Amino acid sequence: MTHALTTGRRTVRPDRENRCPGWCARAHHCTARRLPGGEHASIPEVWVTDVGRFIATRYRDQAGHDRVELRVVLDLADDEDTAQAQARHLLAVTRVVVDRVFGPAGDPQEHRR
């Protein structure tokens with residue numbers, strides 16, 4: 001079961017000067033106008049699932065490049081060897097999924113690194 005703690009919708013006041021994108025959380029989240037090298041930031045979207053929490057935050061830098069930060073918070077096994085294996089497997093599987101979603105289109109065999 002997944003329970004979203006946020007809707008991903010903007011719940012902040014409108015940007016009357018149109019200097020922030022519609023998804024930017026403004027206030028203390030957004031550093032685009034306050035800091036050199038600052039960036040726009042969304043309100044984190046949090047999903048609570050049966051296995052843990054998934055948190056995603058969108059950012060846009062001064063040059064207009066967008067990125068997403070994804071954090072996953074999970075409980076590991078009590079056994080150290082199993083916990084290490086779980087962490088490494090999660091990292092490896094995450095890499096495969098990220099390559100499929102964000103990698104070049106076409107034959108996946110051609111784009112292996």
# chains A, B, ... in the order shown; residues from 1 in each chain; ligands from 1

$ residues_around --residues "Phe54 (chain A)" --least-positions-apart "5" --cutoff "7 Å" --atoms "only C-alpha atoms" --output "list in words"
Val46, Trp47, Val48, Arg71, Val72 and Val73 of chain A

$ write_last_selection --atoms "N, CA, C and O atoms" --output "CSV table (one decimal), in the first residue's frame"
chain,number,residue,atom,x,y,z
A,46,VAL,N,6.3,12.9,-0.8
A,46,VAL,CA,6.7,11.7,0.0
A,46,VAL,C,5.6,10.6,-0.1
A,46,VAL,O,4.5,10.9,0.0
A,47,TRP,N,6.1,9.4,-0.4
A,47,TRP,CA,5.2,8.3,-0.5
A,47,TRP,C,5.7,7.3,0.6
A,47,TRP,O,6.8,7.0,0.7
A,48,VAL,N,4.7,6.9,1.4
A,48,VAL,CA,5.0,5.9,2.5
A,48,VAL,C,4.4,4.6,2.0
A,48,VAL,O,3.2,4.5,1.7
A,71,ARG,N,15.2,10.1,-2.7
A,71,ARG,CA,15.7,9.4,-1.5
A,71,ARG,C,14.8,8.3,-1.2
A,71,ARG,O,13.6,8.4,-1.3
A,72,VAL,N,15.4,7.2,-0.8
A,72,VAL,CA,14.6,6.0,-0.4
A,72,VAL,C,15.1,5.6,1.0
A,72,VAL,O,16.3,5.4,1.2
A,73,VAL,N,14.1,5.5,1.9
A,73,VAL,CA,14.5,5.2,3.3
A,73,VAL,C,13.8,3.8,3.6
A,73,VAL,O,12.6,3.7,3.6

$ closest_residue --among "A:Arg53, A:Leu76, A:Arg34, A:Tyr59" --to "His89 (chain A)" --atoms "only C-alpha atoms"
A:Leu76

$ closest_residue --among "A:Gly64, A:Gly52, A:Pro44, A:Gly37" --to "Cys20 (chain A)" --atoms "only C-alpha atoms"
A:Gly64
